[in-house]
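Q: Below is model.txt; it holds compact mmCIF, C-alpha atoms.
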# COMPACT_ATOMS: atom_id res chain seq x y z
CA MET W 692 105.12 89.79 70.79
CA THR W 693 107.77 90.03 73.51
CA GLU W 694 106.82 92.32 76.39
CA ARG W 695 109.15 95.14 77.34
CA VAL W 696 111.09 94.42 80.55
CA LEU W 697 110.92 97.24 83.08
CA THR W 698 113.76 97.78 85.52
CA LEU W 699 113.26 98.26 89.23
CA GLN W 700 114.25 101.91 88.82
CA GLU W 701 111.64 102.44 86.11
CA LEU W 702 108.93 100.83 88.24
CA ASN W 703 109.97 102.95 91.22
CA ARG W 704 109.91 106.23 89.34
CA THR W 705 106.64 105.36 87.64
CA LEU W 706 105.03 104.56 90.99
CA LEU W 707 106.26 107.85 92.44
CA GLU W 708 104.85 109.75 89.47
CA ARG W 709 101.47 107.99 89.68
CA GLN W 710 101.33 108.62 93.44
CA LEU W 711 102.25 112.33 93.03
CA LEU W 712 105.56 111.85 94.84
CA LEU W 713 108.07 112.87 92.16
CA ARG W 714 107.12 116.51 92.70
CA ARG W 715 104.49 118.41 94.63
CA HIS W 716 101.50 119.16 92.43
CA SER W 717 99.24 122.21 92.24
CA THR W 718 95.91 120.41 92.05
CA ARG W 719 92.71 120.25 94.06
CA VAL W 720 92.47 117.90 97.01
CA THR W 721 89.65 115.90 95.42
CA GLY W 722 91.54 115.48 92.17
CA ALA W 723 94.64 114.29 94.01
CA VAL W 724 92.63 111.73 96.01
CA GLU W 725 91.14 110.31 92.81
CA ARG W 726 94.53 110.16 91.09
CA VAL W 727 96.03 108.02 93.85
CA ALA W 728 92.89 105.79 94.04
CA GLY W 729 92.00 106.90 97.57
CA LEU W 730 93.93 107.53 100.77
CA GLN W 731 94.28 105.07 103.63
CA ALA W 732 92.53 106.58 106.64
CA GLN W 733 92.80 104.25 109.65
CA TRP W 734 94.62 107.04 111.45
CA ALA W 735 92.79 110.33 111.06
CA ASN W 736 96.00 112.30 110.44
CA SER W 737 97.34 110.00 107.69
CA PRO W 738 95.43 111.54 104.75
CA TYR W 739 96.57 115.00 105.84
CA VAL W 740 100.25 114.01 105.87
CA ALA W 741 99.80 112.08 102.62
CA LEU W 742 98.47 115.17 100.86
CA TRP W 743 101.12 117.41 102.42
CA SER W 744 103.73 115.13 100.81
CA ARG W 745 102.00 115.37 97.44
CA LEU W 746 100.52 118.86 97.01
CA GLU W 747 102.16 122.27 96.74
CA GLY W 748 101.19 124.56 99.61
CA PHE W 749 98.76 122.09 101.14
CA GLU W 750 97.11 123.22 104.38
CA ARG W 751 95.11 121.04 106.74
CA GLY W 752 92.01 123.17 106.35
CA GLN W 753 91.76 122.21 102.67
CA LEU W 754 91.12 118.56 103.51
CA THR W 755 88.90 119.36 106.49
CA ARG W 756 86.69 121.54 104.30
CA ALA W 757 86.51 118.87 101.57
CA ILE W 758 85.34 116.29 104.11
CA LYS W 759 82.83 118.64 105.73
CA ARG W 760 81.33 119.71 102.41
CA ARG W 761 81.03 116.03 101.42
CA ALA W 762 83.41 116.27 98.46
CA LEU W 763 85.27 113.34 100.03
CA VAL W 764 83.84 110.41 101.97
CA GLU W 765 85.45 108.01 104.44
CA ALA W 766 84.33 104.37 104.39
CA THR W 767 85.46 100.78 104.83
CA LEU W 768 86.49 99.71 101.34
CA MET W 769 89.67 98.02 100.05
CA ARG W 770 90.98 95.22 102.27
CA MET W 771 88.19 95.98 104.78
CA THR W 772 90.12 99.10 105.82
CA LEU W 773 89.19 102.76 106.00
CA HIS W 774 89.79 104.86 102.92
CA LEU W 775 89.07 108.44 101.95
CA VAL W 776 87.68 108.65 98.41
CA THR W 777 85.51 110.85 96.22
CA PRO W 778 81.75 110.12 96.17
CA ARG W 779 81.96 108.72 92.65
CA ASP W 780 84.71 106.30 93.61
CA TYR W 781 82.86 105.38 96.80
CA VAL W 782 79.79 104.30 94.86
CA ALA W 783 81.80 102.15 92.44
CA PHE W 784 84.13 100.64 95.04
CA ALA W 785 81.33 99.89 97.53
CA ALA W 786 79.34 98.13 94.80
CA VAL W 787 82.32 95.85 94.07
CA PHE W 788 82.60 94.74 97.69
CA ARG W 789 78.92 94.60 98.65
CA ASP W 790 77.96 91.11 97.44
CA ASP W 791 81.23 89.52 98.59
CA ARG W 792 80.84 90.89 102.10
CA ILE W 793 77.22 89.87 102.44
CA ASP W 794 78.10 86.36 101.23
CA ARG W 795 80.96 86.15 103.73
CA CYS W 796 78.70 87.25 106.59
CA THR W 797 76.11 84.67 105.62
CA ARG W 798 78.68 81.84 105.51
CA GLU W 799 80.40 82.80 108.77
CA LEU W 800 77.17 83.28 110.69
CA ALA W 801 75.83 79.96 109.45
CA LYS W 802 78.85 78.38 111.22
CA HIS W 803 79.15 80.55 114.32
CA ALA W 804 75.65 81.94 114.93
CA PRO W 805 73.00 80.02 112.97
CA ASP W 806 70.30 81.65 115.10
CA LEU W 807 71.13 85.13 113.79
CA ASP W 808 69.57 86.36 110.55
CA ALA W 809 72.06 89.16 110.04
CA THR W 810 70.21 90.69 107.08
CA ALA W 811 66.93 90.96 108.94
CA VAL W 812 68.48 92.21 112.19
CA ALA W 813 70.69 94.70 110.32
CA GLN W 814 67.66 96.11 108.53
CA ARG W 815 65.85 96.49 111.87
CA ALA W 816 68.82 98.33 113.34
CA LEU W 817 69.11 100.63 110.33
CA THR W 818 65.39 101.40 110.44
CA ALA W 819 65.49 102.10 114.16
CA VAL W 820 68.44 104.48 113.95
CA GLY W 821 67.31 106.10 110.72
CA ASP W 822 69.30 108.87 109.07
CA ARG W 823 70.69 110.42 112.23
CA ALA W 824 74.44 110.28 112.84
CA ALA W 825 75.12 107.42 115.26
CA GLN W 826 77.90 105.33 116.72
CA ARG W 827 78.35 101.59 116.43
CA SER W 828 76.87 100.97 119.88
CA ASP W 829 73.67 102.83 118.91
CA TYR W 830 72.95 100.35 116.12
CA PHE W 831 73.61 97.37 118.40
CA HIS W 832 71.48 98.72 121.26
CA ALA W 833 68.63 99.41 118.83
CA VAL W 834 68.13 95.65 118.38
CA GLY W 835 69.22 94.47 121.81
CA GLU W 836 72.68 93.29 120.76
CA ASP W 837 75.80 93.62 122.92
CA PRO W 838 78.18 96.04 121.09
CA SER W 839 81.34 94.67 122.70
CA THR W 840 83.38 92.39 120.45
CA PRO W 841 85.73 90.07 122.36
CA PRO W 842 88.59 88.54 120.34
CA GLY W 843 87.30 85.72 118.17
CA ASP W 844 83.63 86.73 118.48
CA MET W 845 82.52 86.20 114.88
CA ARG W 846 78.84 86.79 115.66
CA ARG W 847 79.17 90.46 116.57
CA TRP W 848 81.88 91.14 114.01
CA MET W 849 79.94 89.61 111.09
CA PHE W 850 76.74 91.32 112.22
CA TRP W 851 78.53 94.68 112.15
CA ILE W 852 79.96 94.03 108.67
CA ALA W 853 76.48 93.07 107.46
CA LEU W 854 75.00 96.17 109.02
CA GLN W 855 77.62 98.48 107.48
CA THR W 856 77.23 96.84 104.09
CA HIS W 857 73.42 96.79 103.97
CA GLY W 858 73.23 100.34 105.26
CA GLY W 859 76.04 101.73 103.13
CA LEU W 860 77.39 103.37 106.27
CA VAL W 861 80.15 105.96 106.01
CA HIS W 862 82.09 107.92 108.62
CA VAL W 863 81.02 111.52 109.12
CA PRO W 864 82.66 114.43 110.97
CA PRO W 865 84.15 114.74 113.49
CA SER W 866 85.34 111.25 112.47
CA GLY W 867 88.24 111.50 110.06
CA LEU W 868 89.20 115.07 110.90
CA TRP W 869 92.71 116.06 111.99
CA GLY W 870 93.52 114.86 115.50
CA TYR W 871 90.27 112.93 116.04
CA TYR W 872 90.69 109.79 118.15
CA GLY W 873 87.15 109.12 119.43
CA SER W 874 84.60 106.50 118.41
CA PRO W 875 83.53 106.85 114.76
CA THR W 876 80.19 108.39 113.85
CA TYR W 877 78.22 106.81 111.01
CA VAL W 878 75.35 107.61 108.69
CA SER W 879 74.18 106.12 105.39
CA ALA W 880 76.06 107.28 102.32
CA ARG W 881 72.77 108.03 100.56
CA SER W 882 71.78 110.40 103.36
CA TRP W 883 75.23 111.96 103.82
CA LEU W 884 75.78 112.56 100.11
CA ARG W 885 72.13 113.61 99.58
CA GLY W 886 71.75 110.89 96.99
CA LEU W 887 74.39 108.74 95.32
CA PRO W 888 76.22 109.83 92.17
CA SER W 889 75.96 107.52 89.19
CA VAL W 890 78.87 105.51 87.81
CA ASN W 891 78.91 104.66 84.13
CA GLY W 892 79.50 101.02 83.26
CA ASP W 893 80.68 98.11 85.38
CA PRO W 894 81.92 99.18 88.86
CA ARG W 895 84.60 96.48 88.69
CA VAL W 896 86.00 97.95 85.49
CA HIS W 897 86.00 101.36 87.17
CA LEU W 898 87.96 99.95 90.15
CA VAL W 899 90.54 98.18 87.97
CA ARG W 900 91.03 101.22 85.76
CA ARG W 901 91.47 103.45 88.81
CA TYR W 902 93.98 101.02 90.33
CA LEU W 903 96.14 100.74 87.23
CA ALA W 904 96.16 104.51 86.74
CA ALA W 905 97.44 104.93 90.31
CA PHE W 906 99.73 101.89 90.68
CA GLY W 907 100.47 100.42 87.27
CA PRO W 908 102.28 98.67 85.76
CA ALA W 909 101.15 95.97 88.19
CA SER W 910 100.32 92.28 88.29
CA THR W 911 96.95 90.69 88.90
CA ALA W 912 98.34 89.56 92.26
CA ASP W 913 99.02 93.21 93.09
CA LEU W 914 95.47 94.17 92.14
CA LYS W 915 94.06 91.42 94.35
CA SER W 916 96.33 92.34 97.27
CA TRP W 917 95.38 96.02 97.07
CA SER W 918 91.65 95.47 96.69
CA ASN W 919 90.97 92.08 98.30
CA ALA W 920 88.14 91.83 95.77
CA ARG W 921 87.05 88.66 94.03
CA GLY W 922 85.77 88.21 90.51
CA LEU W 923 87.87 90.86 88.77
CA ARG W 924 88.88 88.67 85.81
CA PRO W 925 85.86 89.71 83.67
CA ALA W 926 86.76 93.36 84.30
CA LEU W 927 90.35 92.73 83.20
CA ASP W 928 89.10 90.95 80.09
CA ALA W 929 86.78 93.85 79.28
CA LEU W 930 89.67 96.28 79.69
CA GLU W 931 92.11 94.26 77.57
CA PRO W 932 91.88 96.58 74.51
CA GLU W 933 92.99 99.43 76.81
CA LEU W 934 95.90 97.51 78.33
CA ARG W 935 99.61 97.20 77.62
CA HIS W 936 101.70 94.26 78.91
CA TYR W 937 105.16 94.45 80.46
CA ARG W 938 107.48 92.17 82.42
CA ASP W 939 109.56 93.00 85.46
CA GLU W 940 113.16 91.82 85.83
CA LYS W 941 111.94 88.63 87.53
CA GLY W 942 109.67 87.78 84.62
CA ARG W 943 106.34 88.66 86.24
CA LEU W 944 103.61 89.87 83.89
CA LEU W 945 102.57 93.47 84.56
CA LEU W 946 99.50 95.23 83.22
CA ASP W 947 99.06 98.93 82.58
CA LEU W 948 96.76 101.33 80.77
CA ARG W 949 97.89 102.13 77.25
CA SER W 950 97.29 105.81 77.96
CA ALA W 951 99.69 105.78 80.93
CA LYS W 952 103.41 106.46 80.66
CA VAL W 953 106.42 104.71 82.17
CA VAL W 954 108.91 107.10 83.75
CA ASP W 955 112.64 106.90 83.03
CA GLY W 956 114.57 105.33 85.89
CA ASP W 957 117.16 108.13 85.86
CA VAL W 958 114.67 110.82 86.89
CA ALA W 959 115.64 112.38 90.23
CA ALA W 960 113.40 111.54 93.19
CA PRO W 961 113.05 113.99 96.11
CA VAL W 962 112.96 113.06 99.78
CA ARG W 963 109.41 112.42 100.97
CA LEU W 964 108.03 111.68 104.45
CA LEU W 965 105.01 109.39 104.23
CA PRO W 966 102.32 108.68 106.84
CA LYS W 967 101.20 105.42 108.40
CA TRP W 968 99.72 102.95 105.90
CA ASP W 969 100.65 105.04 102.88
CA ALA W 970 99.08 103.62 99.75
CA SER W 971 102.36 103.64 97.84
CA ILE W 972 103.55 100.75 100.03
CA LEU W 973 100.20 98.95 100.27
CA GLY W 974 99.45 99.00 96.55
CA TYR W 975 101.24 95.73 95.79
CA ALA W 976 101.49 92.10 96.79
CA PRO W 977 104.39 91.54 99.26
CA PRO W 978 106.90 90.18 96.68
CA GLU W 979 106.48 93.30 94.52
CA ARG W 980 106.72 95.98 97.21
CA GLU W 981 110.46 96.07 96.52
CA ARG W 982 109.78 98.76 93.93
CA ILE W 983 109.58 101.13 96.92
CA LEU W 984 110.36 99.07 100.06
CA PRO W 985 113.67 97.17 100.07
CA GLU W 986 113.10 93.63 101.33
CA LYS W 987 115.72 94.00 104.07
CA PHE W 988 113.58 96.72 105.68
CA ARG W 989 110.21 95.01 105.29
CA LYS W 990 109.91 93.62 108.83
CA THR W 991 110.89 96.96 110.31
CA VAL W 992 108.29 98.86 108.30
CA ILE W 993 105.44 96.30 108.19
CA LYS W 994 104.61 94.83 111.59
CA LYS W 995 103.00 91.45 112.21
CA ASN W 996 99.76 93.15 113.24
CA GLY W 997 99.55 94.90 109.86
CA ASP W 998 100.73 98.27 111.16
CA ILE W 999 102.75 100.23 108.58
CA ALA W 1000 105.36 102.64 109.93
CA GLN W 1001 105.76 106.25 108.90
CA THR W 1002 108.52 106.15 106.32
CA VAL W 1003 111.08 108.37 104.63
CA LEU W 1004 111.80 107.98 100.92
CA VAL W 1005 115.37 108.76 99.87
CA ASP W 1006 116.15 108.45 96.17
CA GLY W 1007 112.70 106.92 95.75
CA PHE W 1008 113.00 104.05 98.21
CA VAL W 1009 112.27 103.66 101.92
CA ALA W 1010 115.49 104.50 103.76
CA ALA W 1011 114.24 105.60 107.20
CA ILE W 1012 111.23 105.74 109.49
CA TRP W 1013 109.93 108.71 111.46
CA ASN W 1014 107.84 109.39 114.56
CA VAL W 1015 106.57 112.39 116.47
CA VAL W 1016 108.19 112.65 119.91
CA LYS W 1017 107.08 115.51 122.17
CA GLY W 1018 106.05 117.61 119.22
CA ASP W 1019 109.22 117.02 117.23
CA VAL W 1020 109.77 114.71 114.25
CA LYS W 1021 112.47 112.12 114.93
CA VAL W 1022 113.98 110.30 111.94
CA GLU W 1023 115.58 106.86 112.32
CA PRO W 1024 117.70 105.89 109.28
CA LEU W 1025 117.52 102.28 108.14
CA ARG W 1026 120.70 102.58 106.09
CA ARG W 1027 123.73 104.84 106.01
CA LEU W 1028 122.82 108.18 104.46
CA THR W 1029 125.26 110.38 102.60
CA ARG W 1030 125.85 113.94 103.75
CA GLU W 1031 123.70 115.25 100.88
CA GLU W 1032 120.92 112.80 101.75
CA ARG W 1033 121.01 113.77 105.42
CA THR W 1034 120.72 117.43 104.46
CA ALA W 1035 117.73 116.74 102.19
CA VAL W 1036 116.03 114.63 104.88
CA GLU W 1037 116.59 117.37 107.47
CA ASP W 1038 115.09 120.01 105.18
CA GLU W 1039 111.97 117.93 104.61
CA ARG W 1040 111.76 117.02 108.30
CA GLU W 1041 111.72 120.69 109.25
CA ARG W 1042 108.94 121.35 106.75
CA LEU W 1043 106.90 118.54 108.28
CA VAL W 1044 107.46 119.88 111.80
CA ALA W 1045 106.07 123.23 110.65
CA PHE W 1046 103.07 121.54 109.01
CA LEU W 1047 102.25 119.47 112.09
CA ALA W 1048 102.53 122.51 114.36
CA ASP W 1049 100.54 124.89 112.15
Turn the structure described in the file into structure tokens.
A:
Amino acid sequence: MTERVLTLQELNRTLLERQLLLRRHSTRVTGAVERVAGLQAQWANSPYVALWSRLEGFERGQLTRAIKRRALVEATLMRMTLHLVTPRDYVAFAAVFRDDRIDRCTRELAKHAPDLDATAVAQRALTAVGDRAAQRSDYFHAVGEDPSTPPGDMRRWMFWIALQTHGGLVHVPPSGLWGYYGSPTYVSARSWLRGLPSVNGDPRVHLVRRYLAAFGPASTADLKSWSNARGLRPALDALEPELRHYRDEKGRLLLDLRSAKVVDGDVAAPVRLLPKWDASILGYAPPERERILPEKFRKTVIKKNGDIAQTVLVDGFVAAIWNVVKGDVKVEPLRRLTREERTAVEDERERLVAFLAD
């Protein structure tokens, strides 16, 4: 059977719909975070701006309360980067990455620090610190390790990954709250969540299903780029009865959930201002980010160090970047905007200024 070919416009509008960017939604913060498969959280303010762009009447206190009451948890997950997810997603996602990360630590330390038994030392550190909230340096000092990590120092870096993974460490307030720039504070997820919620079935199937619901139709390369997880083929095979196949205009095979809908490419897309590292840009392998990020703007938006600029969507695609300068939001167009587009951007910019100043 020949797969339906989806146009770039259809893929763009479908992504915007899945990422809650075609219109602002009246839904709970936790439900929105699950629908978009988690929010990137390297910068504490990013999840707040991401939800402001997606939810009707969103106020910063809504997210702060959800984090404080443990309805959302911040942890190192996809691509070894910080994400804000629900407890149920945390348990499934962390299980997917656990074995891979422990294996990587073991291999790297065998090459760079064969004298260090990371598993044993990590367990000693976790036992010494216990369930109290602590910073990275506290765990290192507990076992006589130097917490500083000079560039290229694989010993300390791999030890820290092993310690986080074995301990199931998550960030706890004030880490992750609006405006926080200090050193992160950690505690075990089991302690913070007062026990871990159960996840039915294979965690890898849960991760793939969550990804496709938030970013599909997408390729297996997209899934790998977003997650940086290995061994997902059995999960895809298990999900096959639930999947529908498409092609993009370049012939790439795209997978999606049968229950999910493709949005018509003619649907109007509003102006949206997105935060640093917004998931809508990071959800795909580089060749397929064109469904939201025109290739000619890629090097401006995605820096060599992996930094992702704050962007402005106009007619569904990145058309400008923005920054806060002395309390004001400054927009820098990447292409010529029409008068109507400039007016729409200005309206949204003013709304963001009010949100940031609230």
Q: Within 12 Å of Asp928 in chain W, counting only C-alpha atoms, which residues show up once you throw out same-chain ones fewer than 2 positions away? Write them as a VMD selection string, please.
A: chain W and resid 895 to 896 899 to 900 911 922 to 926 930 to 934 946
Q: Those residues you just picked out, can you put them in a file as an mmCIF file, in the coordinates of the input with C-alpha atoms?
A:
data_model
loop_
_atom_site.group_PDB
_atom_site.id
_atom_site.type_symbol
_atom_site.label_atom_id
_atom_site.label_comp_id
_atom_site.auth_asym_id
_atom_site.auth_seq_id
_atom_site.Cartn_x
_atom_site.Cartn_y
_atom_site.Cartn_z
ATOM 1 C CA ARG W 895 84.600 96.480 88.690
ATOM 2 C CA VAL W 896 86.000 97.950 85.490
ATOM 3 C CA VAL W 899 90.540 98.180 87.970
ATOM 4 C CA ARG W 900 91.030 101.220 85.760
ATOM 5 C CA THR W 911 96.950 90.690 88.900
ATOM 6 C CA GLY W 922 85.770 88.210 90.510
ATOM 7 C CA LEU W 923 87.870 90.860 88.770
ATOM 8 C CA ARG W 924 88.880 88.670 85.810
ATOM 9 C CA PRO W 925 85.860 89.710 83.670
ATOM 10 C CA ALA W 926 86.760 93.360 84.300
ATOM 11 C CA LEU W 930 89.670 96.280 79.690
ATOM 12 C CA GLU W 931 92.110 94.260 77.570
ATOM 13 C CA PRO W 932 91.880 96.580 74.510
ATOM 14 C CA GLU W 933 92.990 99.430 76.810
ATOM 15 C CA LEU W 934 95.900 97.510 78.330
ATOM 16 C CA LEU W 946 99.500 95.230 83.220
#
Q: Report the closest atom pair, with its distance in Å rounded to one decimal, for each residue of range 897-987 of chain W that has an atom no farther than 12 Å from range 772-796 of chain W; count all atoms listed in the file, sort by chain and then rising residue number, and write it as JSON lines.
A:
{"residue": "W:His897", "atom": "CA", "partner": "W:Ala783", "partner_atom": "CA", "distance": 6.8}
{"residue": "W:Leu898", "atom": "CA", "partner": "W:Phe784", "partner_atom": "CA", "distance": 6.2}
{"residue": "W:Val899", "atom": "CA", "partner": "W:Phe784", "partner_atom": "CA", "distance": 9.9}
{"residue": "W:Arg900", "atom": "CA", "partner": "W:Asp780", "partner_atom": "CA", "distance": 11.3}
{"residue": "W:Arg901", "atom": "CA", "partner": "W:Asp780", "partner_atom": "CA", "distance": 8.8}
{"residue": "W:Tyr902", "atom": "CA", "partner": "W:Phe784", "partner_atom": "CA", "distance": 10.9}
{"residue": "W:Trp917", "atom": "CA", "partner": "W:Thr772", "partner_atom": "CA", "distance": 10.7}
{"residue": "W:Ser918", "atom": "CA", "partner": "W:Phe788", "partner_atom": "CA", "distance": 9.1}
{"residue": "W:Asn919", "atom": "CA", "partner": "W:Phe788", "partner_atom": "CA", "distance": 8.8}
{"residue": "W:Ala920", "atom": "CA", "partner": "W:Phe788", "partner_atom": "CA", "distance": 6.5}
{"residue": "W:Arg921", "atom": "CA", "partner": "W:Asp791", "partner_atom": "CA", "distance": 7.4}
{"residue": "W:Gly922", "atom": "CA", "partner": "W:Val787", "partner_atom": "CA", "distance": 9.1}
{"residue": "W:Leu923", "atom": "CA", "partner": "W:Val787", "partner_atom": "CA", "distance": 9.2}
{"residue": "W:Ala926", "atom": "CA", "partner": "W:Val787", "partner_atom": "CA", "distance": 11.0}
{"residue": "W:Trp968", "atom": "CA", "partner": "W:Thr772", "partner_atom": "CA", "distance": 10.3}
{"residue": "W:Asp969", "atom": "CA", "partner": "W:His774", "partner_atom": "CA", "distance": 10.9}
{"residue": "W:Ala970", "atom": "CA", "partner": "W:His774", "partner_atom": "CA", "distance": 9.9}
{"residue": "W:Leu973", "atom": "CA", "partner": "W:Thr772", "partner_atom": "CA", "distance": 11.5}
Q: Using only C-alpha atoms, which of W:Ala853, W:Ala880, W:Leu903, W:Ala833 sits nearest Gly974 in chain W?
A: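 Closest residue, counting only C-alpha atoms: W:Leu903.
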Q: Between CA of Thr991 in chain W and CA of Leu1025 in chain W, what is the distance, to one decimal in Å?
A: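 Distance between the two atoms: 8.8 Å.
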Q: Nearest to Val820 in chain W: which of W:Arg756, W:His862, W:Arg704, W:His832 is it, counting all atoms listed in the file?
A: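 When distances to Val820 in chain W are compared using all atoms listed in the file, the smallest one comes from W:His832.
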Q: Output, as lines of an AutoDock Vina configuration file, the centre and edge lengths in Å (one decimal) of the axis-aligned box that contains all listed atoms of range 813-821 of chain W with 8 Å of margin on each side.
A:
center_x = 68.0
center_y = 100.4
center_z = 111.3
size_x = 21.3
size_y = 27.4
size_z = 21.6
Q: May I have the protein, DNA and RNA residues with any atom at most 6 Å from the point (106.0, 110.7, 110.4), counting only C-alpha atoms, written as a list in words?
A: Pro966, Gln1001, Trp1013 and Asn1014 of chain W
Q: Using only C-alpha atoms, pick whichever of W:Leu860, W:Val890, W:Val1036, W:Leu706 has the shortest atom-to-atom distance to Arg823 in chain W.
A: W:Leu860
Q: Take CA of Asp957 in chain W and CA of Gln710 in chain W and report the distance between them in Å, one decimal.
A: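 Taking CA of Asp957 in chain W and CA of Gln710 in chain W, their separation equals 17.6 Å.
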Q: Report, in Å to a single decimal, how far apart CA of Pro977 in chain W and CA of Glu694 in chain W are.
A: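 The value is 23.0 Å.
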Q: Quick one: residues within 12 Å of range 761-763 of chain W, all atoms listed in the file, excluding same-chain residues fewer than 2 positions away - as a PDB file with C-alpha atoms, in the frame of the given file?
A:
ATOM      1  CA  ARG W 719      92.710 120.250  94.060  1.00  0.00           C
ATOM      2  CA  VAL W 720      92.470 117.900  97.010  1.00  0.00           C
ATOM      3  CA  THR W 721      89.650 115.900  95.420  1.00  0.00           C
ATOM      4  CA  GLY W 722      91.540 115.480  92.170  1.00  0.00           C
ATOM      5  CA  ALA W 723      94.640 114.290  94.010  1.00  0.00           C
ATOM      6  CA  VAL W 724      92.630 111.730  96.010  1.00  0.00           C
ATOM      7  CA  GLU W 725      91.140 110.310  92.810  1.00  0.00           C
ATOM      8  CA  GLY W 729      92.000 106.900  97.570  1.00  0.00           C
ATOM      9  CA  LEU W 730      93.930 107.530 100.770  1.00  0.00           C
ATOM     10  CA  ALA W 732      92.530 106.580 106.640  1.00  0.00           C
ATOM     11  CA  PRO W 738      95.430 111.540 104.750  1.00  0.00           C
ATOM     12  CA  GLN W 753      91.760 122.210 102.670  1.00  0.00           C
ATOM     13  CA  LEU W 754      91.120 118.560 103.510  1.00  0.00           C
ATOM     14  CA  THR W 755      88.900 119.360 106.490  1.00  0.00           C
ATOM     15  CA  ARG W 756      86.690 121.540 104.300  1.00  0.00           C
ATOM     16  CA  ALA W 757      86.510 118.870 101.570  1.00  0.00           C
ATOM     17  CA  ILE W 758      85.340 116.290 104.110  1.00  0.00           C
ATOM     18  CA  LYS W 759      82.830 118.640 105.730  1.00  0.00           C
ATOM     19  CA  GLU W 765      85.450 108.010 104.440  1.00  0.00           C
ATOM     20  CA  ALA W 766      84.330 104.370 104.390  1.00  0.00           C
ATOM     21  CA  HIS W 774      89.790 104.860 102.920  1.00  0.00           C
ATOM     22  CA  LEU W 775      89.070 108.440 101.950  1.00  0.00           C
ATOM     23  CA  VAL W 776      87.680 108.650  98.410  1.00  0.00           C
ATOM     24  CA  THR W 777      85.510 110.850  96.220  1.00  0.00           C
ATOM     25  CA  PRO W 778      81.750 110.120  96.170  1.00  0.00           C
ATOM     26  CA  ARG W 779      81.960 108.720  92.650  1.00  0.00           C
ATOM     27  CA  ASP W 780      84.710 106.300  93.610  1.00  0.00           C
ATOM     28  CA  TYR W 781      82.860 105.380  96.800  1.00  0.00           C
ATOM     29  CA  VAL W 782      79.790 104.300  94.860  1.00  0.00           C
ATOM     30  CA  VAL W 861      80.150 105.960 106.010  1.00  0.00           C
ATOM     31  CA  HIS W 862      82.090 107.920 108.620  1.00  0.00           C
ATOM     32  CA  VAL W 863      81.020 111.520 109.120  1.00  0.00           C
ATOM     33  CA  PRO W 864      82.660 114.430 110.970  1.00  0.00           C
ATOM     34  CA  GLY W 867      88.240 111.500 110.060  1.00  0.00           C
ATOM     35  CA  LEU W 868      89.200 115.070 110.900  1.00  0.00           C
ATOM     36  CA  ALA W 880      76.060 107.280 102.320  1.00  0.00           C
ATOM     37  CA  ARG W 881      72.770 108.030 100.560  1.00  0.00           C
ATOM     38  CA  SER W 882      71.780 110.400 103.360  1.00  0.00           C
ATOM     39  CA  TRP W 883      75.230 111.960 103.820  1.00  0.00           C
ATOM     40  CA  LEU W 884      75.780 112.560 100.110  1.00  0.00           C
ATOM     41  CA  ARG W 885      72.130 113.610  99.580  1.00  0.00           C
ATOM     42  CA  GLY W 886      71.750 110.890  96.990  1.00  0.00           C
ATOM     43  CA  LEU W 887      74.390 108.740  95.320  1.00  0.00           C
ATOM     44  CA  PRO W 888      76.220 109.830  92.170  1.00  0.00           C
TER      45      PRO W 888
END
Q: Using all atoms listed in the file, can you tell me which of W:Gly907, W:Leu965, W:Lys987, W:Lys1021 comes closest to Arg949 in chain W?
A: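 Among the listed residues, the smallest separation from Arg949 in chain W belongs to W:Gly907.
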Q: Take the point (114.9, 113.2, 103.1) as written in the file and pick out every residue within 10 Å of it, counting all atoms listed in the file; give the list as a list of chain:residue names.
A: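 Residues found, by chain and rising number: W:Pro961, W:Val962, W:Arg963, W:Leu964, W:Val1003, W:Leu1004, W:Val1005, W:Asp1006, W:Gly1007, W:Val1009, W:Ala1010, W:Ala1011, W:Val1022, W:Pro1024, W:Leu1028, W:Glu1031, W:Glu1032, W:Arg1033, W:Thr1034, W:Ala1035, W:Val1036, W:Glu1037, W:Asp1038, W:Glu1039, W:Arg1040.
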Q: Atoms to include: C-alpha atoms. Write the selected residues as a short mmCIF file (atom, residue, chain, number, x, y, z; two decimals), in the frame of the given file.
A:
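Output file again_11.cif follows:
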data_model
loop_
_atom_site.label_atom_id
_atom_site.label_comp_id
_atom_site.auth_asym_id
_atom_site.auth_seq_id
_atom_site.Cartn_x
_atom_site.Cartn_y
_atom_site.Cartn_z
CA PRO W 961 113.05 113.99 96.11
CA VAL W 962 112.96 113.06 99.78
CA ARG W 963 109.41 112.42 100.97
CA LEU W 964 108.03 111.68 104.45
CA VAL W 1003 111.08 108.37 104.63
CA LEU W 1004 111.80 107.98 100.92
CA VAL W 1005 115.37 108.76 99.87
CA ASP W 1006 116.15 108.45 96.17
CA GLY W 1007 112.70 106.92 95.75
CA VAL W 1009 112.27 103.66 101.92
CA ALA W 1010 115.49 104.50 103.76
CA ALA W 1011 114.24 105.60 107.20
CA VAL W 1022 113.98 110.30 111.94
CA PRO W 1024 117.70 105.89 109.28
CA LEU W 1028 122.82 108.18 104.46
CA GLU W 1031 123.70 115.25 100.88
CA GLU W 1032 120.92 112.80 101.75
CA ARG W 1033 121.01 113.77 105.42
CA THR W 1034 120.72 117.43 104.46
CA ALA W 1035 117.73 116.74 102.19
CA VAL W 1036 116.03 114.63 104.88
CA GLU W 1037 116.59 117.37 107.47
CA ASP W 1038 115.09 120.01 105.18
CA GLU W 1039 111.97 117.93 104.61
CA ARG W 1040 111.76 117.02 108.30
#
Q: Would you mind telling me which residue in W:Leu697, W:Leu800, W:Val1016, W:Val878 lies nearest to Asp844 in chain W when using all atoms listed in the file?
A: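 Of the candidates, the smallest distance to Asp844 in chain W is held by W:Leu800.
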